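J.: So that you have it, the file is structure.cif, and it contains mmCIF, C-alpha atoms:
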```cif
data_entry
loop_
_atom_site.label_atom_id
_atom_site.label_comp_id
_atom_site.auth_asym_id
_atom_site.auth_seq_id
_atom_site.Cartn_x
_atom_site.Cartn_y
_atom_site.Cartn_z
CA MET A 1 -78.11 70.52 10.99
CA SER A 2 -80.87 69.98 8.50
CA MET A 3 -81.77 66.46 7.55
CA ASP A 4 -80.43 67.29 4.04
CA ALA A 5 -77.01 67.93 5.55
CA VAL A 6 -77.19 64.63 7.43
CA PHE A 7 -78.02 62.67 4.27
CA ARG A 8 -75.40 64.50 2.20
CA ALA A 9 -72.82 63.70 4.86
CA LEU A 10 -73.86 60.05 4.93
CA ALA A 11 -73.83 59.71 1.13
CA ASP A 12 -70.09 59.09 1.02
CA THR A 13 -68.23 55.86 1.67
CA SER A 14 -65.24 57.52 3.29
CA ARG A 15 -67.40 59.44 5.72
CA ARG A 16 -69.38 56.33 6.64
CA GLN A 17 -66.05 54.58 7.15
CA LEU A 18 -65.01 57.30 9.60
CA LEU A 19 -68.32 56.92 11.47
CA ASP A 20 -67.76 53.15 11.62
CA ARG A 21 -64.35 53.74 13.13
CA LEU A 22 -65.87 56.01 15.76
CA ARG A 23 -68.60 53.50 16.46
CA ARG A 24 -65.94 50.91 17.21
CA LYS A 25 -63.85 53.30 19.28
CA ASN A 26 -65.39 56.56 20.34
CA GLY A 27 -63.32 59.64 21.12
CA GLN A 28 -60.41 59.44 18.66
CA THR A 29 -57.91 62.07 17.58
CA LEU A 30 -57.41 63.00 13.94
CA GLY A 31 -54.16 61.04 13.97
CA GLU A 32 -55.84 57.86 15.25
CA LEU A 33 -58.62 58.20 12.69
CA CYS A 34 -56.09 58.53 9.87
CA GLU A 35 -54.20 55.36 10.84
CA GLY A 36 -54.43 52.66 8.22
CA LEU A 37 -56.67 54.69 5.93
CA ALA A 38 -55.91 55.25 2.26
CA MET A 39 -56.92 58.90 2.66
CA SER A 40 -54.68 61.88 3.20
CA ARG A 41 -54.84 63.73 6.49
CA GLN A 42 -56.31 66.70 4.62
CA ALA A 43 -59.07 64.55 3.16
CA VAL A 44 -59.92 63.09 6.57
CA THR A 45 -60.00 66.62 8.04
CA LYS A 46 -62.38 67.73 5.28
CA HIS A 47 -64.67 64.73 5.80
CA LEU A 48 -64.71 65.24 9.56
CA GLY A 49 -65.66 68.89 8.98
CA ILE A 50 -68.64 67.81 6.88
CA LEU A 51 -69.66 65.22 9.49
CA GLU A 52 -69.39 67.82 12.24
CA GLY A 53 -71.35 70.33 10.14
CA ALA A 54 -74.15 67.77 9.91
CA ASN A 55 -73.88 67.20 13.68
CA LEU A 56 -73.01 63.54 13.13
CA VAL A 57 -69.67 64.05 14.82
CA ALA A 58 -69.06 66.03 17.99
CA THR A 59 -65.62 67.19 19.06
CA LYS A 60 -64.18 67.89 22.47
CA LYS A 61 -60.89 69.56 23.27
CA GLU A 62 -58.87 67.82 25.89
CA GLY A 63 -55.75 69.81 26.61
CA ARG A 64 -54.07 70.16 23.24
CA THR A 65 -55.82 67.25 21.61
CA LYS A 66 -59.18 67.28 19.90
CA LEU A 67 -61.25 64.13 20.26
CA HIS A 68 -63.99 63.09 17.84
CA PHE A 69 -67.18 61.37 18.97
CA ILE A 70 -70.05 59.91 16.99
CA ASN A 71 -73.22 61.84 17.84
CA PRO A 72 -76.16 59.41 17.69
CA VAL A 73 -78.85 62.11 17.91
CA PRO A 74 -79.40 62.82 14.15
CA ILE A 75 -79.37 59.10 13.28
CA HIS A 76 -81.90 58.47 16.03
CA ASP A 77 -84.13 61.15 14.50
CA ILE A 78 -83.94 59.47 11.07
CA ALA A 79 -84.77 56.09 12.61
CA GLU A 80 -87.71 57.51 14.54
CA ARG A 81 -89.10 59.31 11.51
CA TRP A 82 -89.17 56.31 9.19
CA ILE A 83 -88.83 53.22 11.33
CA GLY A 84 -90.28 54.18 14.70
CA ARG A 85 -93.87 53.51 13.70
CA PHE A 86 -93.11 49.99 12.47
CA GLU A 87 -92.64 47.23 14.91
CA ARG A 88 -88.99 47.45 15.72
CA GLY A 89 -88.98 44.00 17.30
CA ARG A 90 -89.99 42.40 14.03
CA LEU A 91 -87.33 44.32 12.10
CA ASP A 92 -84.71 43.27 14.65
CA ALA A 93 -85.75 39.64 14.20
CA LEU A 94 -85.35 39.91 10.42
CA TRP A 95 -81.96 41.54 10.89
CA GLU A 96 -80.83 38.72 13.18
CA LEU A 97 -82.03 36.15 10.66
CA LYS A 98 -80.16 37.84 7.82
CA LYS A 99 -77.03 38.05 9.92
CA GLN A 100 -77.18 34.36 10.80
CA LEU A 101 -77.92 33.20 7.26
CA GLU A 102 -75.21 35.33 5.73
CA GLY A 103 -72.80 34.62 8.54
CA THR A 104 -71.74 38.23 8.66
CA ARG A 105 -71.44 40.71 11.43
CA ARG A 106 -71.92 44.43 11.32
CA MET B 1 -66.70 49.84 21.05
CA ASN B 2 -65.30 52.03 23.75
CA ASP B 3 -68.21 52.53 26.12
CA SER B 4 -66.62 54.78 28.68
CA ARG B 5 -67.72 58.06 27.14
CA PHE B 6 -70.58 59.20 24.94
CA VAL B 7 -71.15 62.71 23.64
CA TYR B 8 -74.56 63.89 22.48
CA VAL B 9 -75.08 67.21 20.73
CA ILE B 10 -78.39 68.82 19.85
CA TYR B 11 -79.25 72.31 18.58
CA ILE B 12 -82.47 73.76 19.92
CA LEU B 13 -84.27 76.93 18.89
CA THR B 14 -84.45 78.44 22.36
CA THR B 15 -82.43 80.51 24.81
CA PRO B 16 -79.82 79.08 27.19
CA GLN B 17 -81.98 80.23 30.12
CA LYS B 18 -85.07 78.33 28.92
CA LEU B 19 -82.97 75.27 28.17
CA TRP B 20 -81.49 75.39 31.67
CA GLU B 21 -85.00 75.52 33.14
CA ALA B 22 -86.15 72.62 31.00
CA LEU B 23 -83.16 70.61 32.23
CA THR B 24 -83.57 71.38 35.92
CA LYS B 25 -87.31 71.84 36.56
CA PRO B 26 -89.27 68.68 37.44
CA GLU B 27 -92.44 69.79 35.64
CA PHE B 28 -90.45 70.07 32.37
CA ASN B 29 -88.46 66.85 33.00
CA ARG B 30 -91.62 64.75 33.32
CA GLN B 31 -92.78 65.74 29.83
CA TYR B 32 -89.74 64.61 27.86
CA TRP B 33 -87.90 62.17 30.16
CA PHE B 34 -90.16 59.09 30.15
CA GLY B 35 -92.14 60.65 33.01
CA PHE B 36 -89.01 60.80 35.20
CA HIS B 37 -88.00 63.96 37.05
CA GLN B 38 -84.90 65.14 38.87
CA GLU B 39 -84.73 66.47 42.42
CA SER B 40 -81.86 68.64 43.53
CA GLY B 41 -81.00 72.01 45.05
CA TRP B 42 -78.72 72.48 41.99
CA GLN B 43 -75.87 73.95 44.05
CA PRO B 44 -72.39 72.38 44.01
CA GLY B 45 -72.55 69.60 46.60
CA SER B 46 -76.37 69.30 46.52
CA PRO B 47 -77.68 65.75 46.43
CA TRP B 48 -79.23 64.85 43.10
CA LYS B 49 -81.68 62.14 42.17
CA LEU B 50 -83.63 60.97 39.16
CA VAL B 51 -87.07 59.75 40.21
CA MET B 52 -89.29 57.34 38.31
CA PRO B 53 -93.00 58.09 37.76
CA ASP B 54 -93.90 55.68 40.59
CA GLY B 55 -91.60 57.48 43.03
CA ARG B 56 -88.73 54.99 43.08
CA VAL B 57 -85.26 56.47 42.74
CA ALA B 58 -83.68 55.38 39.46
CA ASP B 59 -80.35 57.14 39.80
CA ALA B 60 -78.70 59.32 42.41
CA GLY B 61 -75.55 61.28 43.08
CA GLU B 62 -74.65 64.89 43.57
CA VAL B 63 -74.11 68.17 41.81
CA VAL B 64 -70.39 68.58 41.13
CA ALA B 65 -70.59 71.95 39.39
CA SER B 66 -73.44 74.27 38.55
CA ASP B 67 -73.05 77.43 36.54
CA PRO B 68 -76.49 78.46 35.22
CA PRO B 69 -77.27 78.64 32.35
CA THR B 70 -74.09 77.25 30.82
CA ARG B 71 -72.72 74.24 32.68
CA LEU B 72 -73.94 71.52 35.00
CA VAL B 73 -71.90 68.51 36.14
CA LEU B 74 -73.49 65.57 37.96
CA LYS B 75 -72.02 62.59 39.75
CA TRP B 76 -74.40 59.86 38.71
CA ARG B 77 -75.00 56.29 39.79
CA ASN B 78 -77.81 53.89 39.03
CA GLU B 79 -79.65 52.85 42.21
CA PHE B 80 -82.18 50.22 41.27
CA ARG B 81 -80.35 47.69 39.14
CA PRO B 82 -77.73 45.88 41.25
CA GLU B 83 -75.48 45.10 38.26
CA LEU B 84 -75.41 48.78 37.30
CA LYS B 85 -75.08 50.08 40.84
CA ALA B 86 -72.07 47.82 41.30
CA GLU B 87 -70.30 49.61 38.45
CA GLY B 88 -70.17 52.77 40.54
CA TYR B 89 -70.36 56.44 39.66
CA THR B 90 -70.40 58.05 36.26
CA ARG B 91 -70.13 61.71 35.43
CA CYS B 92 -72.62 63.61 33.31
CA THR B 93 -71.85 67.10 32.01
CA PHE B 94 -74.39 69.40 30.38
CA GLU B 95 -72.96 72.32 28.45
CA ILE B 96 -75.10 75.03 26.90
CA GLU B 97 -73.71 77.48 24.34
CA PRO B 98 -75.64 80.10 22.37
CA GLU B 99 -75.31 79.64 18.59
CA GLY B 100 -77.13 82.45 16.82
CA GLU B 101 -80.82 81.93 17.53
CA MET B 102 -80.14 78.41 18.74
CA ALA B 103 -78.76 76.94 21.90
CA LYS B 104 -76.27 74.11 21.50
CA LEU B 105 -76.60 71.47 24.17
CA THR B 106 -73.75 69.00 24.65
CA VAL B 107 -74.29 66.11 27.03
CA THR B 108 -71.18 64.12 27.92
CA HIS B 109 -71.81 60.97 29.92
CA GLU B 110 -68.60 59.26 30.94
CA ALA B 111 -66.85 56.95 33.36
CA GLU B 112 -63.24 56.18 34.18
CA ASN B 113 -63.44 52.79 32.53
CA SER B 114 -65.84 50.87 30.36
CA HIS B 115 -69.16 51.13 32.22
CA LEU B 116 -72.46 49.28 31.73
CA LEU B 117 -74.60 52.32 32.54
CA ILE B 118 -72.93 54.45 29.86
CA GLU B 119 -73.74 51.74 27.33
CA ARG B 120 -77.33 51.25 28.52
CA VAL B 121 -78.25 54.94 28.52
CA SER B 122 -76.86 55.43 25.02
CA VAL B 123 -80.24 54.37 23.63
CA GLY B 124 -82.17 56.66 25.96
CA TRP B 125 -80.23 59.92 25.63
CA PRO B 126 -81.03 60.59 21.94
CA LYS B 127 -84.73 59.98 22.65
CA ILE B 128 -84.75 62.30 25.66
CA LEU B 129 -82.86 65.05 23.84
CA SER B 130 -85.01 64.89 20.70
CA SER B 131 -88.09 65.10 22.87
CA LEU B 132 -86.65 68.02 24.86
CA LYS B 133 -86.03 69.82 21.55
CA SER B 134 -89.61 69.17 20.47
CA LEU B 135 -90.96 70.43 23.79
CA LEU B 136 -89.00 73.68 23.63
CA GLU B 137 -89.63 74.34 19.95
CA THR B 138 -93.25 73.25 19.61
CA GLY B 139 -94.55 73.16 23.17
CA ARG B 140 -95.05 69.40 22.95
CA ALA B 141 -92.71 66.56 23.82
CA LEU B 142 -92.54 63.50 21.56
CA PRO B 143 -95.33 61.02 22.45
CA ARG B 144 -93.08 58.06 23.09
CA THR B 145 -90.95 59.83 25.66
CA GLU B 146 -93.86 60.74 27.89
CA ASP B 147 -93.70 57.14 29.12
CA LEU B 148 -90.88 54.69 29.47
CA PRO B 149 -90.77 52.29 26.52
CA LYS B 150 -91.86 48.70 27.19
CA GLY B 151 -89.11 46.35 28.22
CA ASN B 152 -87.27 48.88 30.37
#
```
Please express what this file holds, its structure, as structure tokens.

T.:
Amino acid sequence: MSMDAVFRALADTSRRQLLDRLRRKNGQTLGELCEGLAMSRQAVTKHLGILEGANLVATKKEGRTKLHFINPVPIHDIAERWIGRFERGRLDALWELKKQLEGTRR
Amino acid sequence: MNDSRFVYVIYILTTPQKLWEALTKPEFNRQYWFGFHQESGWQPGSPWKLVMPDGRVADAGEVVASDPPTRLVLKWRNEFRPELKAEGYTRCTFEIEPEGEMAKLTVTHEAENSHLLIERVSVGWPKILSSLKSLLETGRALPRTEDLPKGN
């Protein structure tokens, strides 16, 4: 739960990829999260364990299935600690500009 | 993104009993919930409302289940924005579990289908919960959650 655990968990492409998948569709099973990934089920399980240990992922049991949810609380705390005191509106404007110029989407 | 259910988890250095009080007592609510407070008898079937600092009702519904200090389920609908009110009721579940010296609070806010309110409050919940943690652990809420942010 420490901020160290959050950063360690985020410092891995595969784990960020799993968070991206949950951001697009929240509440997925292990099976759904594994679909189309080049990782083994065991590797995904391990990464999800690390994400859950850092409180970045929350799980809920629904009958016999376990659903995974992105937990925005630790990321909010990081944003507040380093970005909150800057003018968020101005940063958002820069982000929009970058997105338009590069023609990319998140 | 699937916006029909969000789950928020926070670990707070406190007891389940104190956390329950902070969740249900208006004088605590006002400190970490943008000045808002809740009014309810907190029994199953009791009406429930979330009141803005100026007295207007922001959201209302009823208590579906109440099992202090471990579980509280609310039927929840926005009352002051027509586009949100039209989306109907959502369900918000608070679960408190002891974890060593900490209390784990899980807030699940969900609706049957994709729901505007669930999406809108997803920015607010992390702020409220971080501030609640600060209040219980340090005696002070976070400054920005004492008042509603501009633009809301």

J.: Which residues match the PyMOL selection byres ((chain A and resi 55) around 9) in the file above, as a ChimeraX atom specification?

T.: /A:1,5-6,50-54,56-58,70-71,73-74 /B:9-11

J.: Would you mind listing, as a short mmCIF file (atom, residue, chain, number, x, y, z; two decimals) with C-alpha atoms, keeping the file's coordinate frame, all residues of chain B that have at least one atom within 10 Å of chain A, where only C-alpha atoms are what counts?

T.:
```
data_model
loop_
_atom_site.label_atom_id
_atom_site.label_comp_id
_atom_site.auth_asym_id
_atom_site.auth_seq_id
_atom_site.Cartn_x
_atom_site.Cartn_y
_atom_site.Cartn_z
CA MET B 1 -66.70 49.84 21.05
CA ASN B 2 -65.30 52.03 23.75
CA ASP B 3 -68.21 52.53 26.12
CA SER B 4 -66.62 54.78 28.68
CA ARG B 5 -67.72 58.06 27.14
CA PHE B 6 -70.58 59.20 24.94
CA VAL B 7 -71.15 62.71 23.64
CA TYR B 8 -74.56 63.89 22.48
CA VAL B 9 -75.08 67.21 20.73
CA ILE B 10 -78.39 68.82 19.85
CA TYR B 11 -79.25 72.31 18.58
CA THR B 106 -73.75 69.00 24.65
CA THR B 108 -71.18 64.12 27.92
CA SER B 122 -76.86 55.43 25.02
CA VAL B 123 -80.24 54.37 23.63
CA TRP B 125 -80.23 59.92 25.63
CA PRO B 126 -81.03 60.59 21.94
CA LYS B 127 -84.73 59.98 22.65
CA ILE B 128 -84.75 62.30 25.66
CA LEU B 129 -82.86 65.05 23.84
CA SER B 130 -85.01 64.89 20.70
CA ARG B 144 -93.08 58.06 23.09
#
```

J.: In the coordinate frame of the file, compute which residues have an atom within 9 Å of (-71.3, 66.5, 32.4) when using all atoms listed in the file, and state them as a ChimeraX atom specification.

T.: /B:65,71-75,91-95,106-110

J.: Kindly indicate which residue among B:Arg56, B:Arg120, B:Lys104, B:Arg30 lies nearest to B:Leu142, using all atoms listed in the file for the distances.

T.: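 Of the candidates, the smallest distance to B:Leu142 is held by B:Arg30.
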
J.: What is the atom CA of B:Lys18 to atom CA of B:Leu135 distance in Å?

T.: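 Value for the atom CA of B:Lys18-atom CA of B:Leu135 distance: 11.1 Å.
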
J.: I want to know what sits within 7 Å of B:Leu84, based on all atoms listed in the file, with residues of the same chain fewer than 3 positions away left out; could you give that as a PyMOL selection string?

T.: chain B and resi 78+81+87+116-117

J.: Just give me the gap between atom CA of B:Trp20 and atom CA of A:Arg64 in Å, one decimal is fine.

T.: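 Atom-to-atom, atom CA of B:Trp20 to atom CA of A:Arg64, that is 29.2 Å.
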
J.: Calculate how many Å separate atom CA of A:Gln42 from atom CA of B:Glu99, rounding to one decimal.

T.: 26.9 Å

J.: Emit as AutoDock Vina command-line options the padded axis-aligned box for all listed atoms of stretch 96-103 of chain B, 4 Å per side, with centre and edge lengths in Å to one decimal.

T.:
```
--center_x -77.3 --center_y 78.7 --center_z 21.9 --size_x 15.1 --size_y 15.4 --size_z 18.1
```

J.: Select, from B:His115, B:Lys133, B:Lys25, B:Arg77, the residue with the minimum atom-to-atom distance to B:Lys49, counting only C-alpha atoms.

T.: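 Distance minimum relative to B:Lys49 lands on B:Arg77.
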
J.: Quick one: stretch 117-146 of chain B with N, CA and C atoms, as a compact mmCIF listing (two decimals), in the frame of the given file?

T.:
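Saved the output as result28.txt:
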```
# COMPACT_ATOMS: atom_id res chain seq x y z
N LEU B 117 -73.56 51.28 32.56
CA LEU B 117 -74.60 52.32 32.54
C LEU B 117 -74.44 53.21 31.31
N ILE B 118 -73.19 53.57 31.00
CA ILE B 118 -72.93 54.45 29.86
C ILE B 118 -73.46 53.80 28.57
N GLU B 119 -73.28 52.48 28.50
CA GLU B 119 -73.74 51.74 27.33
C GLU B 119 -75.27 51.69 27.30
N ARG B 120 -75.88 51.37 28.45
CA ARG B 120 -77.33 51.25 28.52
C ARG B 120 -78.05 52.56 28.19
N VAL B 121 -77.54 53.68 28.72
CA VAL B 121 -78.25 54.94 28.52
C VAL B 121 -78.04 55.51 27.13
N SER B 122 -77.14 54.87 26.35
CA SER B 122 -76.86 55.43 25.02
C SER B 122 -78.07 55.32 24.09
N VAL B 123 -79.01 54.47 24.42
CA VAL B 123 -80.24 54.37 23.63
C VAL B 123 -81.22 55.44 24.09
N GLY B 124 -81.21 55.72 25.38
CA GLY B 124 -82.17 56.66 25.96
C GLY B 124 -81.86 58.12 25.68
N TRP B 125 -80.58 58.49 25.77
CA TRP B 125 -80.23 59.92 25.63
C TRP B 125 -80.75 60.55 24.33
N PRO B 126 -80.52 59.93 23.15
CA PRO B 126 -81.03 60.59 21.94
C PRO B 126 -82.54 60.80 21.97
N LYS B 127 -83.27 59.85 22.55
CA LYS B 127 -84.73 59.98 22.65
C LYS B 127 -85.11 61.16 23.55
N ILE B 128 -84.46 61.23 24.70
CA ILE B 128 -84.75 62.30 25.66
C ILE B 128 -84.43 63.66 25.05
N LEU B 129 -83.28 63.76 24.39
CA LEU B 129 -82.86 65.05 23.84
C LEU B 129 -83.73 65.48 22.67
N SER B 130 -84.12 64.54 21.81
CA SER B 130 -85.01 64.89 20.70
C SER B 130 -86.36 65.36 21.23
N SER B 131 -86.81 64.73 22.29
CA SER B 131 -88.09 65.10 22.87
C SER B 131 -88.01 66.47 23.57
N LEU B 132 -86.88 66.72 24.22
CA LEU B 132 -86.65 68.02 24.86
C LEU B 132 -86.67 69.12 23.80
N LYS B 133 -86.04 68.85 22.66
CA LYS B 133 -86.03 69.82 21.55
C LYS B 133 -87.46 70.10 21.09
N SER B 134 -88.23 69.03 20.91
CA SER B 134 -89.61 69.17 20.47
C SER B 134 -90.43 69.99 21.47
N LEU B 135 -90.22 69.71 22.75
CA LEU B 135 -90.96 70.43 23.79
C LEU B 135 -90.65 71.93 23.75
N LEU B 136 -89.38 72.27 23.62
CA LEU B 136 -89.00 73.68 23.63
C LEU B 136 -89.39 74.40 22.34
N GLU B 137 -89.36 73.67 21.22
CA GLU B 137 -89.63 74.34 19.95
C GLU B 137 -91.11 74.35 19.59
N THR B 138 -91.85 73.33 20.03
CA THR B 138 -93.25 73.25 19.61
C THR B 138 -94.21 73.27 20.80
N GLY B 139 -93.68 73.19 22.00
CA GLY B 139 -94.55 73.16 23.17
C GLY B 139 -95.02 71.76 23.51
N ARG B 140 -94.64 70.79 22.67
CA ARG B 140 -95.05 69.40 22.95
C ARG B 140 -93.85 68.46 22.88
N ALA B 141 -93.75 67.58 23.85
CA ALA B 141 -92.71 66.56 23.82
C ALA B 141 -93.12 65.49 22.81
N LEU B 142 -92.20 64.59 22.47
CA LEU B 142 -92.54 63.50 21.56
C LEU B 142 -93.34 62.45 22.34
N PRO B 143 -94.42 61.91 21.72
CA PRO B 143 -95.33 61.02 22.45
C PRO B 143 -94.62 59.88 23.16
N ARG B 144 -93.67 59.26 22.49
CA ARG B 144 -93.08 58.06 23.09
C ARG B 144 -92.21 58.32 24.30
N THR B 145 -91.82 59.59 24.51
CA THR B 145 -90.95 59.83 25.66
C THR B 145 -91.73 60.33 26.86
N GLU B 146 -93.06 60.38 26.72
CA GLU B 146 -93.86 60.74 27.89
C GLU B 146 -93.89 59.54 28.85
```
